Amino acid sequence: MKQKKIALLLTFIILLTTILGGCSPKDQKENIGSNTVDNDTKVEDGGTEKKEENPSRIFALKGPTAMGLIKLFKDIDNGEENYTYTIGNSPEEAIAAIGGGKADILTIPGNMAASIYNKNKNLKIAGINTLGVLYFASSGDEIHSFDELKGKTILLSGKGATPEFALKVLLKESNLSEEDVTLEFKSEHTEVVQGLGENPSSIGLLPQPFLTVATTKNDSLHPIFDLNNSWKEYFDHDMVTGVVVVTKDFAENHPEKVRDFLEKYKESVYFVNENIDEASELIGSYDIFPTPVAKKAIPYCNIVMIDGEEMEKTCDTYFKALFEVEPKAVGGMVPDGEIYFK
């Protein structure tokens, strides 16, 4: 009886050893984003083993920024680039991703980057991805300068956000006060469009590509004035809409990965602006915007990738202009030079 027990115990030990030996790391997979990544170890020349580096995590906002990244998204899904990505709908989702440590690289509004930096110094701006995309639109009246706005009603959404702040800056630079115009805030862009249909003499302030979406539903609505042109006239730099930011830890620990991403972003932006038909098809297939809308909107979305000194000068000019009319727009102060990735 005793010998039987010993035999059973030895059999159990042998079986357990076999099971554990078969459960090697190469059989375990981790699902990251839309890609499945093997946690294999690679054997390099010389026989040394090296683990594959974790992919950099991208969070992109749905809109011009995600449109500009569309080629990179395709390359990631084809297994050609070592990144994962999330396409979000709101800046609040981006803030949650930063706070929760769920992203390394993000695209967010420029003034939001300044506000977050002034609060905790936990990010760096690595590039500008979208310049001015705000347009005055109307179903009736035409205007050609800010002087002609006097006495007009301007419908806009985004109270406490970029549209309001940018408009206040340009009114000030045009020697107009808020008393010279009537600002009528709406909760959504769709309400602005509805208001323009009801009152053709009013003027709406709308961003691209939403303006293009609106014009496909309202034949009489059309852009009448590009605010970015006025901004360049007054400040000798473009308006900043969106920026690429990286977390401070990622910038300090992986500067080469940041630079690699910026190069990939530049390639993607070039592809979008030079191959509008193909890019529009991709944008539609990724459910960012319908293909016909993307095709019409891309030339007006100011999709770029600007880094280095030009980025710093353009952002700094933008932050100072916002601070002059609304300090809270940039978190109470103009960010210092440490905000920029170098």
# chains A, B, ... in the order shown; residues from 1 in each chain; ligands from 1

call {"tool": "select_by_dssp", "arguments": {"residues": "stretch 164-199 of chain A", "states": "helix (DSSP H, G or I)", "output": "short mmCIF file (atom, residue, chain, number, x, y, z; two decimals) with N, CA, C and O atoms, in the first residue's frame"}}
result
data_model
loop_
_atom_site.label_atom_id
_atom_site.label_comp_id
_atom_site.auth_asym_id
_atom_site.auth_seq_id
_atom_site.Cartn_x
_atom_site.Cartn_y
_atom_site.Cartn_z
N GLU A 164 -14.41 80.47 -28.61
CA GLU A 164 -14.66 81.71 -27.88
C GLU A 164 -13.36 82.48 -27.66
O GLU A 164 -13.29 83.69 -27.91
N PHE A 165 -12.31 81.79 -27.21
CA PHE A 165 -11.05 82.47 -26.92
C PHE A 165 -10.44 83.10 -28.17
O PHE A 165 -9.99 84.25 -28.16
N ALA A 166 -10.43 82.35 -29.26
CA ALA A 166 -9.84 82.87 -30.51
C ALA A 166 -10.63 84.07 -31.02
O ALA A 166 -10.04 85.06 -31.48
N LEU A 167 -11.94 83.99 -30.95
CA LEU A 167 -12.77 85.10 -31.41
C LEU A 167 -12.52 86.35 -30.57
O LEU A 167 -12.40 87.46 -31.12
N LYS A 168 -12.39 86.20 -29.27
CA LYS A 168 -12.12 87.35 -28.40
C LYS A 168 -10.79 88.01 -28.74
O LYS A 168 -10.67 89.24 -28.75
N VAL A 169 -9.78 87.19 -29.02
CA VAL A 169 -8.48 87.74 -29.40
C VAL A 169 -8.60 88.57 -30.67
O VAL A 169 -8.09 89.71 -30.74
N LEU A 170 -9.27 88.03 -31.67
CA LEU A 170 -9.36 88.72 -32.96
C LEU A 170 -10.26 89.96 -32.89
O LEU A 170 -10.00 90.95 -33.59
N LEU A 171 -11.27 89.93 -32.07
CA LEU A 171 -12.08 91.14 -31.87
C LEU A 171 -11.22 92.25 -31.27
O LEU A 171 -11.26 93.40 -31.71
N LYS A 172 -10.43 91.89 -30.27
CA LYS A 172 -9.54 92.86 -29.61
C LYS A 172 -8.54 93.43 -30.60
O LYS A 172 -8.32 94.66 -30.65
N GLU A 173 -7.92 92.57 -31.40
CA GLU A 173 -6.92 93.04 -32.37
C GLU A 173 -7.54 93.91 -33.45
O GLU A 173 -6.85 94.71 -34.09
N GLU A 178 -16.62 93.24 -27.22
CA GLU A 178 -17.72 92.27 -27.22
C GLU A 178 -19.06 92.97 -27.28
O GLU A 178 -20.07 92.37 -27.65
N GLU A 179 -19.08 94.25 -26.92
CA GLU A 179 -20.33 95.02 -27.00
C GLU A 179 -20.67 95.40 -28.44
O GLU A 179 -21.82 95.72 -28.75
N ASP A 180 -19.69 95.34 -29.32
CA ASP A 180 -19.93 95.69 -30.72
C ASP A 180 -20.63 94.58 -31.49
O ASP A 180 -21.13 94.80 -32.60
N HIS A 189 -22.64 72.33 -32.26
CA HIS A 189 -22.50 72.90 -33.61
C HIS A 189 -23.80 72.78 -34.40
O HIS A 189 -24.13 73.66 -35.20
N THR A 190 -24.53 71.68 -34.18
CA THR A 190 -25.77 71.48 -34.93
C THR A 190 -26.78 72.59 -34.63
O THR A 190 -27.55 72.98 -35.50
N GLU A 191 -26.77 73.09 -33.41
CA GLU A 191 -27.68 74.18 -33.04
C GLU A 191 -27.28 75.48 -33.73
O GLU A 191 -28.13 76.31 -34.07
N VAL A 192 -25.97 75.65 -33.94
CA VAL A 192 -25.50 76.83 -34.69
C VAL A 192 -26.04 76.77 -36.11
O VAL A 192 -26.56 77.76 -36.64
N VAL A 193 -25.92 75.61 -36.74
CA VAL A 193 -26.41 75.43 -38.10
C VAL A 193 -27.91 75.68 -38.18
O VAL A 193 -28.40 76.35 -39.09
N GLN A 194 -28.63 75.16 -37.21
CA GLN A 194 -30.08 75.36 -37.17
C GLN A 194 -30.42 76.84 -37.04
O GLN A 194 -31.31 77.36 -37.72
N GLY A 195 -29.68 77.54 -36.19
CA GLY A 195 -29.91 78.97 -36.00
C GLY A 195 -29.63 79.78 -37.24
O GLY A 195 -30.33 80.75 -37.54
N LEU A 196 -28.61 79.37 -38.01
CA LEU A 196 -28.29 80.07 -39.25
C LEU A 196 -29.40 79.89 -40.27
O LEU A 196 -29.69 80.80 -41.06
N GLY A 197 -30.02 78.72 -40.25
CA GLY A 197 -31.13 78.49 -41.17
C GLY A 197 -32.35 79.32 -40.82
O GLY A 197 -33.08 79.79 -41.70
N GLU A 198 -32.54 79.54 -39.53
CA GLU A 198 -33.70 80.30 -39.06
C GLU A 198 -33.49 81.81 -39.22
O GLU A 198 -34.45 82.56 -39.38
#

call {"tool": "select_by_dssp", "arguments": {"residues": "stretch 46-181 of chain A", "states": "strand (DSSP E)", "output": "number ranges by chain"}}
result
A: 49-51, 56-61, 83-88, 105-109, 123-131, 134-138, 153-157

call {"tool": "closest_residue", "arguments": {"among": "A:Met67, A:Leu61, A:Val334, A:Met305", "to": "A:Ser280", "atoms": "only C-alpha atoms"}}
result
A:Met67

call {"tool": "residues_around", "arguments": {"residues": "A:Ile108", "least_positions_apart": "4", "cutoff": "12 Å", "atoms": "only C-alpha atoms", "output": "PyMOL selection string"}}
result
chain A and resi 58-66+87-95+97-98+112-116+123-130+162+240-246

call {"tool": "closest_residue", "arguments": {"among": "A:Ser139, A:Asn118, A:Ser145, A:Thr107", "to": "A:Glu233", "atoms": "only C-alpha atoms"}}
result
A:Ser145

call {"tool": "atom_distance", "arguments": {"atom1": "atom CA of A:Ser157", "atom2": "atom CA of A:Ser285"}}
result
28.4 Å

call {"tool": "closest_residue", "arguments": {"among": "A:Asn253, A:Asn199, A:Ser268, A:Thr291", "to": "A:Ile154", "atoms": "only C-alpha atoms"}}
result
A:Asn199

call {"tool": "atom_distance", "arguments": {"atom1": "atom CA of A:Glu184", "atom2": "atom CA of A:Ser202"}}
result
10.0 Å

call {"tool": "closest_residue", "arguments": {"among": "A:Glu81, A:Pro290, A:Ser174, A:Leu131", "to": "A:Asp147", "atoms": "only C-alpha atoms"}}
result
A:Ser174

call {"tool": "closest_residue", "arguments": {"among": "A:Asp104, A:Asp219, A:Val213, A:Lys71", "to": "A:Gly140", "atoms": "only C-alpha atoms"}}
result
A:Asp219
